[in-house]
>>> print(open('data-v4.txt').read())   # compact mmCIF, C-alpha atoms and all ligand atoms
# COMPACT_ATOMS: atom_id res chain seq x y z
CA SER A 102 -1.03 -24.43 -2.31
CA PHE A 103 2.23 -25.27 -4.03
CA ARG A 104 0.84 -24.33 -7.44
CA TYR A 105 -0.59 -21.10 -6.00
CA PHE A 106 2.74 -20.04 -4.51
CA CYS A 107 4.64 -20.94 -7.68
CA LYS A 108 2.22 -18.94 -9.80
CA MET A 109 2.40 -15.90 -7.53
CA ALA A 110 6.19 -16.13 -7.31
CA PHE A 111 6.42 -16.30 -11.09
CA TYR A 112 4.02 -13.35 -11.40
CA ASN A 113 6.18 -11.14 -9.18
CA GLY A 114 9.43 -12.46 -10.64
CA TRP A 115 8.27 -12.00 -14.22
CA ILE A 116 7.20 -8.41 -13.53
CA LEU A 117 10.55 -7.69 -11.87
CA THR A 118 12.25 -9.16 -14.97
CA LEU A 119 10.09 -7.23 -17.43
CA ALA A 120 10.97 -4.09 -15.52
CA VAL A 121 14.64 -4.75 -16.35
CA LEU A 122 13.70 -4.52 -20.03
CA VAL A 123 11.44 -1.53 -19.51
CA ILE A 124 13.96 0.61 -17.61
CA PRO A 125 16.41 1.35 -20.46
CA LEU A 126 13.56 2.02 -22.90
CA CYS A 127 11.92 4.46 -20.51
CA ALA A 128 15.23 6.01 -19.46
CA LEU A 129 15.75 7.25 -23.03
CA ARG A 130 12.87 9.66 -22.45
CA GLY A 131 13.48 10.27 -18.74
CA ARG A 132 10.62 10.37 -16.20
CA SER A 133 7.45 10.82 -18.25
CA VAL A 134 3.81 9.74 -18.30
CA GLU A 135 4.39 8.76 -21.94
CA ASN A 136 6.48 5.86 -20.56
CA MET A 137 3.24 4.31 -19.25
CA LYS A 138 2.61 3.25 -22.87
CA ILE A 139 5.79 1.15 -22.77
CA ILE A 140 4.84 -0.34 -19.39
CA ARG A 141 1.30 -1.07 -20.63
CA PHE A 142 2.66 -2.75 -23.78
CA MET A 143 5.17 -4.86 -21.84
CA LEU A 144 2.61 -6.13 -19.34
CA HIS A 145 -0.19 -6.79 -21.81
CA HIS A 146 0.72 -10.43 -22.50
CA VAL A 147 0.80 -11.56 -18.85
CA LYS A 148 -2.93 -12.39 -18.86
CA TYR A 149 -2.25 -14.98 -21.60
CA LEU A 150 0.43 -16.67 -19.47
CA TYR A 151 -2.19 -17.17 -16.75
CA GLY A 152 -5.12 -17.99 -19.01
CA ILE A 153 -7.18 -15.04 -17.81
CA HIS A 154 -9.76 -13.87 -20.32
CA ILE A 155 -10.59 -10.20 -19.83
CA GLU A 156 -13.68 -8.64 -21.41
CA VAL A 157 -13.95 -4.85 -21.34
CA ARG A 158 -17.17 -2.84 -21.61
CA GLY A 159 -17.74 0.91 -21.81
CA LEU A 160 -14.24 1.79 -22.92
CA GLU A 161 -15.70 4.69 -24.93
CA HIS A 162 -16.25 6.57 -21.64
CA PHE A 163 -12.51 7.15 -21.50
CA ASN A 164 -12.63 9.15 -24.75
CA LEU A 165 -12.86 12.54 -23.08
CA PRO A 166 -10.47 15.23 -24.26
CA GLU A 167 -9.95 16.68 -20.78
CA PRO A 168 -8.14 15.12 -17.80
CA TYR A 169 -10.11 12.92 -15.41
CA VAL A 170 -9.71 10.82 -12.29
CA VAL A 171 -10.27 7.07 -12.75
CA VAL A 172 -11.37 5.23 -9.60
CA SER A 173 -11.19 1.45 -9.48
CA ASN A 174 -11.82 -1.37 -6.99
CA HIS A 175 -8.68 -3.07 -5.68
CA GLN A 176 -8.79 -6.84 -5.11
CA SER A 177 -5.22 -7.95 -5.53
CA SER A 178 -1.90 -7.22 -7.23
CA LEU A 179 -3.51 -9.06 -10.18
CA ASP A 180 -5.45 -5.81 -10.77
CA LEU A 181 -2.37 -4.79 -12.70
CA LEU A 182 -3.54 -7.06 -15.55
CA GLY A 183 -6.92 -5.34 -15.80
CA MET A 184 -5.35 -1.94 -15.42
CA MET A 185 -2.96 -2.55 -18.30
CA GLU A 186 -5.87 -3.78 -20.45
CA VAL A 187 -7.68 -0.45 -20.28
CA LEU A 188 -5.19 2.19 -19.09
CA PRO A 189 -5.89 5.35 -21.11
CA ASP A 190 -3.01 7.33 -22.62
CA ARG A 191 -1.39 9.90 -20.32
CA CYS A 192 -2.85 8.21 -17.26
CA VAL A 193 -0.76 7.46 -14.17
CA PRO A 194 -1.69 5.53 -11.04
CA ILE A 195 -1.30 6.91 -7.54
CA ALA A 196 0.64 4.34 -5.55
CA LYS A 197 1.92 3.79 -2.05
CA LYS A 198 5.52 4.99 -1.59
CA GLU A 199 6.70 1.48 -0.65
CA LEU A 200 6.33 0.42 -4.30
CA MET A 201 9.22 2.72 -5.19
CA TYR A 202 11.58 0.49 -3.19
CA MET A 203 10.61 -2.74 -4.96
CA GLY A 204 13.81 -2.99 -6.96
CA THR A 205 13.45 -2.77 -10.73
CA VAL A 206 9.66 -2.37 -10.43
CA GLY A 207 10.14 0.75 -8.32
CA LEU A 208 12.47 2.31 -10.87
CA ALA A 209 10.12 1.46 -13.75
CA CYS A 210 7.23 3.02 -11.81
CA TRP A 211 9.25 6.17 -11.18
CA LEU A 212 10.19 6.42 -14.86
CA GLY A 213 6.51 5.99 -15.78
CA GLY A 214 5.65 9.08 -13.75
CA ILE A 215 3.66 7.13 -11.16
CA ILE A 216 2.72 9.41 -8.26
CA PHE A 217 3.84 8.14 -4.88
CA ILE A 218 2.12 8.98 -1.61
CA ASN A 219 3.12 8.30 1.95
CA ARG A 220 0.04 6.73 3.52
CA LYS A 221 1.59 7.05 6.98
CA LYS A 222 1.69 10.85 6.70
CA THR A 223 -1.76 12.17 5.85
CA ASP A 224 -0.63 15.79 5.38
CA ASP A 225 2.12 14.74 2.99
CA ALA A 226 -0.30 12.55 1.02
CA ILE A 227 -2.87 15.35 0.77
CA GLY A 228 -0.12 17.78 -0.30
CA VAL A 229 0.91 15.44 -3.11
CA MET A 230 -2.73 15.04 -4.18
CA SER A 231 -3.16 18.84 -4.29
CA GLU A 232 -0.05 19.25 -6.44
CA THR A 233 -1.43 16.48 -8.64
CA ALA A 234 -4.58 18.54 -9.29
CA GLN A 235 -2.41 21.30 -10.74
CA THR A 236 -0.25 18.90 -12.74
CA MET A 237 -3.34 17.27 -14.27
CA LEU A 238 -4.57 20.57 -15.62
CA ARG A 239 -1.17 21.96 -16.61
CA ASP A 240 0.12 18.83 -18.37
CA ASN A 241 -3.17 17.21 -19.40
CA VAL A 242 -2.62 14.14 -17.27
CA ARG A 243 -5.21 11.61 -16.10
CA VAL A 244 -4.88 9.88 -12.76
CA TRP A 245 -5.91 6.39 -11.61
CA VAL A 246 -6.71 5.96 -7.91
CA PHE A 247 -7.71 2.93 -5.86
CA PRO A 248 -10.01 4.72 -3.40
CA GLU A 249 -10.14 1.74 -1.04
CA GLY A 250 -6.51 2.65 -0.32
CA THR A 251 -5.42 -0.99 0.05
CA ARG A 252 -6.07 -4.40 -1.50
CA ASN A 253 -9.31 -6.08 -0.47
CA HIS A 254 -9.46 -9.86 -0.90
CA ASN A 255 -12.93 -10.21 0.62
CA GLY A 256 -15.03 -10.07 -2.52
CA SER A 257 -16.56 -6.68 -1.86
CA MET A 258 -15.34 -3.08 -1.52
CA LEU A 259 -13.93 -1.37 1.54
CA PRO A 260 -15.21 2.08 2.49
CA PHE A 261 -13.70 4.64 0.12
CA LYS A 262 -11.14 7.19 1.20
CA ARG A 263 -11.92 10.62 -0.12
CA GLY A 264 -8.59 11.69 -1.65
CA ALA A 265 -9.55 10.82 -5.24
CA PHE A 266 -12.77 12.82 -4.97
CA HIS A 267 -11.08 15.84 -3.39
CA LEU A 268 -8.61 15.65 -6.25
CA ALA A 269 -11.35 15.61 -8.90
CA VAL A 270 -13.22 18.47 -7.24
CA GLN A 271 -10.05 20.56 -6.82
CA ALA A 272 -9.18 20.06 -10.50
CA GLN A 273 -12.89 20.33 -11.49
CA VAL A 274 -12.53 17.23 -13.67
CA PRO A 275 -14.85 14.22 -14.02
CA VAL A 276 -14.53 11.03 -12.01
CA ILE A 277 -14.68 7.88 -14.15
CA PRO A 278 -15.46 4.76 -12.09
CA ILE A 279 -14.22 1.40 -13.36
CA VAL A 280 -15.13 -1.94 -11.87
CA MET A 281 -13.33 -5.27 -12.19
CA SER A 282 -15.57 -8.27 -11.44
CA SER A 283 -14.77 -10.59 -8.55
CA TYR A 284 -11.79 -12.91 -9.08
CA ARG A 285 -13.43 -15.62 -6.92
CA ASP A 286 -13.79 -18.06 -9.84
CA PHE A 287 -10.08 -18.21 -10.55
CA TYR A 288 -8.24 -16.63 -7.62
CA SER A 289 -8.45 -16.76 -3.86
CA LYS A 290 -5.57 -15.78 -1.62
CA LYS A 291 -7.29 -17.35 1.40
CA GLU A 292 -7.86 -20.70 -0.33
CA ARG A 293 -4.53 -20.49 -2.17
CA ARG A 294 -6.27 -21.08 -5.45
CA PHE A 295 -5.18 -19.62 -8.78
CA THR A 296 -6.57 -21.18 -11.96
CA THR A 297 -7.54 -19.86 -15.37
CA GLY A 298 -10.70 -17.79 -15.59
CA ARG A 299 -12.67 -14.80 -16.79
CA CYS A 300 -12.85 -11.21 -15.64
CA LEU A 301 -15.30 -8.54 -16.75
CA ILE A 302 -14.28 -4.89 -16.64
CA GLN A 303 -16.90 -2.18 -16.89
CA VAL A 304 -16.01 1.48 -17.40
CA LEU A 305 -18.95 3.43 -15.97
CA THR A 306 -20.40 6.78 -17.00
CA PRO A 307 -18.22 9.78 -16.05
CA MET A 308 -19.47 11.78 -13.07
CA PRO A 309 -18.95 15.53 -13.57
CA THR A 310 -17.62 17.65 -10.69
CA ARG A 311 -17.77 21.09 -12.31
CA GLY A 312 -19.23 23.59 -9.84
CA LEU A 313 -18.80 21.26 -6.85
CA GLY A 314 -16.88 22.37 -3.76
CA PRO A 315 -15.22 20.42 -0.93
CA GLU A 316 -18.54 20.13 0.94
CA ALA A 317 -19.85 17.91 -1.88
CA VAL A 318 -17.02 15.38 -1.55
CA PRO A 319 -18.60 13.01 1.03
CA ALA A 320 -21.82 12.64 -1.00
CA LEU A 321 -19.89 12.25 -4.26
CA THR A 322 -17.71 9.55 -2.67
CA GLU A 323 -20.71 7.60 -1.41
CA SER A 324 -22.65 7.87 -4.64
CA VAL A 325 -19.68 6.64 -6.72
CA ARG A 326 -19.09 3.76 -4.31
CA GLN A 327 -22.74 2.75 -4.43
CA THR A 328 -22.71 2.77 -8.25
CA MET A 329 -19.53 0.70 -8.26
CA LEU A 330 -20.90 -1.83 -5.75
CA GLU A 331 -23.98 -2.35 -7.90
CA ALA A 332 -21.82 -2.86 -10.99
CA PHE A 333 -19.51 -5.21 -9.05
CA ASP A 334 -22.43 -7.42 -8.02
CA ARG A 335 -23.92 -7.38 -11.51
CA LEU A 336 -20.66 -8.30 -13.24
CA SER A 337 -19.63 -10.90 -10.66
CA GLY A 338 -23.12 -12.46 -10.79
CA GLU A 339 -22.89 -12.68 -14.56
CA LEU A 340 -19.73 -14.78 -14.26
CA SER A 341 -21.06 -17.12 -11.58
CA PRO A 342 -24.86 -16.91 -11.57
CA GLY A 343 -25.28 -19.51 -8.82
CA GLN A 344 -23.36 -17.53 -6.20
CA GLU A 345 -24.89 -15.25 -3.59
CA PRO A 346 -24.12 -11.56 -4.08
CA ARG A 347 -22.00 -10.05 -1.32
CA THR A 348 -23.76 -8.61 1.72
CA PRO A 349 -24.88 -5.04 0.91
CA GLN A 350 -22.84 -2.37 2.74
C1 LIG A 401 7.00 -3.85 -16.62
C2 LIG A 401 7.22 -3.56 -15.21
C3 LIG A 401 6.74 -2.32 -14.65
C4 LIG A 401 5.91 -2.51 -13.48
C5 LIG A 401 5.08 -1.35 -13.28
C6 LIG A 401 3.99 -1.65 -12.38
C7 LIG A 401 3.02 -0.52 -12.34
C8 LIG A 401 2.22 -0.65 -11.12
C9 LIG A 401 1.28 0.42 -10.94
C10 LIG A 401 0.17 0.04 -10.04
C11 LIG A 401 0.18 0.81 -8.83
C12 LIG A 401 -0.97 0.48 -7.96
C13 LIG A 401 -0.70 0.87 -6.57
C14 LIG A 401 -1.93 0.88 -5.77
C15 LIG A 401 -1.70 1.44 -4.41
O1 LIG A 401 -0.63 1.69 -3.98
S1 LIG A 401 -3.14 1.70 -3.47
C16 LIG A 401 -2.54 2.58 -2.11
C17 LIG A 401 -2.30 4.01 -2.34
N1 LIG A 401 -3.43 4.75 -2.77
C18 LIG A 401 -4.29 5.37 -1.95
O2 LIG A 401 -4.18 5.30 -0.74
C19 LIG A 401 -5.37 6.21 -2.56
C20 LIG A 401 -6.56 6.35 -1.72
N2 LIG A 401 -6.29 7.08 -0.48
C21 LIG A 401 -6.76 8.36 -0.21
O3 LIG A 401 -7.39 8.92 -1.07
C22 LIG A 401 -6.53 8.93 1.14
O4 LIG A 401 -7.58 9.81 1.46
C23 LIG A 401 -5.18 9.71 1.31
C24 LIG A 401 -5.12 10.97 0.48
C25 LIG A 401 -4.02 8.77 0.97
C26 LIG A 401 -5.03 10.08 2.84
O5 LIG A 401 -5.28 8.91 3.56
P1 LIG A 401 -5.31 8.86 5.16
O6 LIG A 401 -3.99 9.28 5.70
O7 LIG A 401 -5.78 7.48 5.56
O8 LIG A 401 -6.37 9.91 5.60
P2 LIG A 401 -7.95 9.99 5.34
O9 LIG A 401 -8.32 9.30 4.10
O10 LIG A 401 -8.65 9.60 6.60
O11 LIG A 401 -8.13 11.56 5.12
C27 LIG A 401 -8.00 12.51 6.19
C28 LIG A 401 -8.87 13.72 5.86
O12 LIG A 401 -8.30 14.41 4.75
C29 LIG A 401 -9.29 14.55 3.72
N3 LIG A 401 -8.59 14.55 2.41
C30 LIG A 401 -8.11 13.51 1.75
N4 LIG A 401 -7.54 13.89 0.61
C31 LIG A 401 -7.67 15.22 0.55
C32 LIG A 401 -7.29 16.20 -0.41
N5 LIG A 401 -6.66 15.85 -1.53
N6 LIG A 401 -7.59 17.48 -0.14
C33 LIG A 401 -8.24 17.82 0.97
N7 LIG A 401 -8.62 16.95 1.95
C34 LIG A 401 -8.35 15.67 1.71
C35 LIG A 401 -10.21 13.39 3.90
O13 LIG A 401 -11.45 13.62 3.33
C36 LIG A 401 -10.28 13.31 5.43
O14 LIG A 401 -11.12 14.27 5.95
P3 LIG A 401 -12.63 13.92 6.36
O15 LIG A 401 -12.56 12.76 7.27
O16 LIG A 401 -13.34 13.63 5.09
O17 LIG A 401 -13.12 15.16 7.02
C1 LIG A 402 15.33 -5.20 -3.90
C2 LIG A 402 13.88 -5.26 -3.54
C3 LIG A 402 13.20 -6.42 -4.16
C4 LIG A 402 11.75 -6.37 -3.82
C5 LIG A 402 11.02 -7.52 -4.42
C6 LIG A 402 9.58 -7.20 -4.45
C7 LIG A 402 8.81 -8.29 -5.14
C8 LIG A 402 7.57 -7.77 -5.77
C9 LIG A 402 7.83 -7.47 -7.20
C10 LIG A 402 6.94 -7.13 -8.07
C11 LIG A 402 5.55 -6.94 -7.71
C12 LIG A 402 4.79 -6.49 -8.85
C13 LIG A 402 3.43 -6.20 -8.40
C14 LIG A 402 2.95 -4.95 -9.01
C15 LIG A 402 2.41 -3.98 -8.06
C16 LIG A 402 0.96 -4.09 -7.83
C17 LIG A 402 0.50 -2.93 -7.02
C18 LIG A 402 -0.23 -3.33 -5.82
O1 LIG A 402 -1.11 -4.11 -5.82
O2 LIG A 402 0.15 -2.64 -4.71
C19 LIG A 402 -0.53 -2.86 -3.53
C20 LIG A 402 -1.10 -1.55 -3.05
O3 LIG A 402 -2.03 -1.13 -3.91
C21 LIG A 402 -1.77 -1.63 -1.70
O4 LIG A 402 -0.92 -2.25 -0.85
P1 LIG A 402 -1.48 -2.97 0.45
O5 LIG A 402 -2.61 -3.86 0.04
O6 LIG A 402 -1.96 -1.88 1.37
O7 LIG A 402 -0.29 -3.69 0.97
>>> encode(input="data-v4.txt", output="structure tokens")
Amino acid sequence: SFRYFCKMAFYNGWILTLAVLVIPLCALRGRSVENMKIIRFMLHHVKYLYGIHIEVRGLEHFNLPEPYVVVSNHQSSLDLLGMMEVLPDRCVPIAKKELMYMGTVGLACWLGGIIFINRKKTDDAIGVMSETAQTMLRDNVRVWVFPEGTRNHNGSMLPFKRGAFHLAVQAQVPVIPIVMSSYRDFYSKKERRFTTGRCLIQVLTPMPTRGLGPEAVPALTESVRQTMLEAFDRLSGELSPGQEPRTPQ
């Protein structure tokens, strides 16, 4: 437990400290998605500090010239390490508004052009997502969404919220699913365990949305989630073959 808390405290503290370095560099340019390159560069080494080996597959799927919406599973704040391993250029996450008030991290996020939504006000959040559809097309920006809407430490995936898929359909851009394998071998919040370990990241085939309307969103959401669940089980099973796959949902 003690080691777990120390490691998590250092993780948060180190990111807060790195943000102090990032802020002046980003401030030279002002608020811009280009600053995500600086943030990505500054966070890239953190996986080495924790002995986490990340293997990425399917990165070529990100090589589309047009904007797209990336959807990813969300296990923990450690997802930041995987995100910074693969984050495409001109891609910004959608984050809960509370992150903006996390001291230096909040300011760094704002300078990186991260899009903040108020999860307590659905209409506001949907309004921001709709504006984002226009921004994506106007400024050629990609967006990264965690469709579960919150962290899920239970080794599976929560039901998906539909905002990311409405966004993709409104902008008529592809959805690119990305799956990070279970952290169970090296990290468990419940068991207060945090050791070294391996993580597999799979970028899946882009799903086109051209020609789809809002009525197609529920089916699109379910089909993407199903594809991601299958990939999650496959990747997690590859890392620990002896373990039972999660209960199908
Ligand atoms: C070096 C140091 C620097 C440090 C830098 C560190 C960088 C860190 C970056 C990492 C950031 C990561 C942060 C991750 C998060 O914060 S995750 C939490 C926030 N993200 C989300 O919540 C995204 C997923 N949520 C959604 O998509 C939701 O749908 C949302 C839009 C937020 C609304 O949620 P909610 O209020 O719960 O309502 P519902 O989901 O129930 O939706 C209500 C109905 O509205 C429909 N809907 C949703 N979106 C739209 C839309 N855009 N247009 C039209 N309609 C929409 C939805 O389908 C529901 O209707 P139905 O039930 O389907 O009829
Ligand atoms: C002066 C204020 C000081 C505040 C100190 C805050 C300490 C935390 C500092 C740094 C944290 C860095 C972590 C990076 C952010 C990772 C993003 C993340 O994982 O957000 C969670 C969000 O997806 C869902 O939130 P919930 O699971 O719904 O909850």
>>> atom_distance(input="data-v4.txt", atom1="CA of Pro260 (chain A)", atom2="CA of Val171 (chain A)")
16.8 Å
>>> atom_distance(input="data-v4.txt", atom1="CA of His267 (chain A)", atom2="CA of Glu316 (chain A)")
9.6 Å
>>> residues_near_ligand(input="data-v4.txt", ligand="ligand LIG 402 (chain A)", cutoff="8 Å", atoms="all atoms listed in the file", output="compact mmCIF listing (two decimals) with C-alpha atoms, in the frame of the given file")
# COMPACT_ATOMS: atom_id res chain seq x y z
CA TYR A 112 4.02 -13.35 -11.40
CA ASN A 113 6.18 -11.14 -9.18
CA GLY A 114 9.43 -12.46 -10.64
CA TRP A 115 8.27 -12.00 -14.22
CA ILE A 116 7.20 -8.41 -13.53
CA LEU A 117 10.55 -7.69 -11.87
CA HIS A 175 -8.68 -3.07 -5.68
CA SER A 177 -5.22 -7.95 -5.53
CA SER A 178 -1.90 -7.22 -7.23
CA LEU A 179 -3.51 -9.06 -10.18
CA ASP A 180 -5.45 -5.81 -10.77
CA LEU A 181 -2.37 -4.79 -12.70
CA ALA A 196 0.64 4.34 -5.55
CA LYS A 197 1.92 3.79 -2.05
CA LEU A 200 6.33 0.42 -4.30
CA TYR A 202 11.58 0.49 -3.19
CA MET A 203 10.61 -2.74 -4.96
CA GLY A 204 13.81 -2.99 -6.96
CA THR A 205 13.45 -2.77 -10.73
CA VAL A 206 9.66 -2.37 -10.43
CA PHE A 247 -7.71 2.93 -5.86
CA GLY A 250 -6.51 2.65 -0.32
CA THR A 251 -5.42 -0.99 0.05
CA ARG A 252 -6.07 -4.40 -1.50
CA ASN A 253 -9.31 -6.08 -0.47
>>> residues_around(input="data-v4.txt", residues="region 228-237 of chain A", least_positions_apart="5", cutoff="9 Å", atoms="all atoms listed in the file", output="PyMOL selection string")
chain A and resi 168-169+195+216-218+223+242-244+264-265+267-273
>>> residues_near_point(input="data-v4.txt", point="(-15.7, -3.4, -1.0)", cutoff="10 Å", atoms="all atoms listed in the file", output="list in words")
Asn174, His175, Gln176, Glu249, Arg252, Asn253, His254, Asn255, Gly256, Ser257, Met258, Leu259, Pro260, Phe261, Arg326, Gln327, Met329, Leu330, Phe333, Arg347, Thr348, Pro349 and Gln350 of chain A
>>> atom_distance(input="data-v4.txt", atom1="atom O5 of ligand LIG 401 (chain A)", atom2="CA of Val246 (chain A)")
11.9 Å
>>> closest_residue(input="data-v4.txt", among="A:Thr322, A:Ser133, A:Asn241, A:Ser282", to="ligand LIG 401 (chain A)", atoms="all atoms listed in the file")
A:Thr322
>>> closest_residue(input="data-v4.txt", among="A:Pro307, A:Gly152, A:Gly312, A:Pro125", to="ligand LIG 401 (chain A)", atoms="only C-alpha atoms and all ligand atoms")
A:Pro125
>>> axis_aligned_box(input="data-v4.txt", around="ligand LIG 401 (chain A)", padding_each_side="8 Å", output="lines of an AutoDock Vina configuration file")
center_x = -3.1
center_y = 7.0
center_z = -4.7
size_x = 36.6
size_y = 37.7
size_z = 39.9
>>> closest_residue(input="data-v4.txt", among="A:Asp225, A:Glu135, A:Glu292, A:Glu156", to="ligand LIG 401 (chain A)", atoms="all atoms listed in the file")
A:Asp225
>>> closest_residue(input="data-v4.txt", among="A:Lys291, A:Arg299, A:Arg104, A:Lys198", to="ligand LIG 401 (chain A)", atoms="all atoms listed in the file")
A:Lys198
>>> residues_around(input="data-v4.txt", residues="region 127-132 of chain A", least_positions_apart="4", cutoff="6 Å", atoms="all atoms listed in the file", output="list in words")
Asn136, Leu212 and Gly214 of chain A
>>> write_last_selection(input="data-v4.txt", atoms="C-alpha atoms", output="PDB file, keeping the file's coordinate frame")
ATOM      1  CA  ASN A 136       6.480   5.860 -20.560  1.00  0.00           C
ATOM      2  CA  LEU A 212      10.190   6.420 -14.860  1.00  0.00           C
ATOM      3  CA  GLY A 214       5.650   9.080 -13.750  1.00  0.00           C
TER       4      GLY A 214
END
>>> closest_residue(input="data-v4.txt", among="A:Leu150, A:Leu119, A:Ile277, A:Ile155", to="ligand LIG 401 (chain A)", atoms="only C-alpha atoms and all ligand atoms")
A:Leu119
>>> residues_around(input="data-v4.txt", residues="region 317-321 of chain A", least_positions_apart="3", cutoff="7 Å", atoms="all atoms listed in the file", output="PyMOL selection string")
chain A and resi 266-267+313-314+324-325
>>> write_last_selection(input="data-v4.txt", atoms="C-alpha atoms", output="PDB file, keeping the file's coordinate frame")
ATOM      1  CA  PHE A 266     -12.770  12.820  -4.970  1.00  0.00           C
ATOM      2  CA  HIS A 267     -11.080  15.840  -3.390  1.00  0.00           C
ATOM      3  CA  LEU A 313     -18.800  21.260  -6.850  1.00  0.00           C
ATOM      4  CA  GLY A 314     -16.880  22.370  -3.760  1.00  0.00           C
ATOM      5  CA  SER A 324     -22.650   7.870  -4.640  1.00  0.00           C
ATOM      6  CA  VAL A 325     -19.680   6.640  -6.720  1.00  0.00           C
TER       7      VAL A 325
END
>>> closest_residue(input="data-v4.txt", among="A:Glu323, A:Asp240, A:Glu339, A:Asp286", to="ligand LIG 401 (chain A)", atoms="only C-alpha atoms and all ligand atoms")
A:Glu323
>>> residues_near_point(input="data-v4.txt", point="(-14.0, -10.6, -11.2)", cutoff="6 Å", atoms="all atoms listed in the file", output="list of chain:residue names")
A:Met281, A:Ser282, A:Ser283, A:Tyr284, A:Cys300, A:Ser337
>>> residues_around(input="data-v4.txt", residues="region 157-165 of chain A", least_positions_apart="4", cutoff="6 Å", atoms="all atoms listed in the file", output="count of residues only")
3
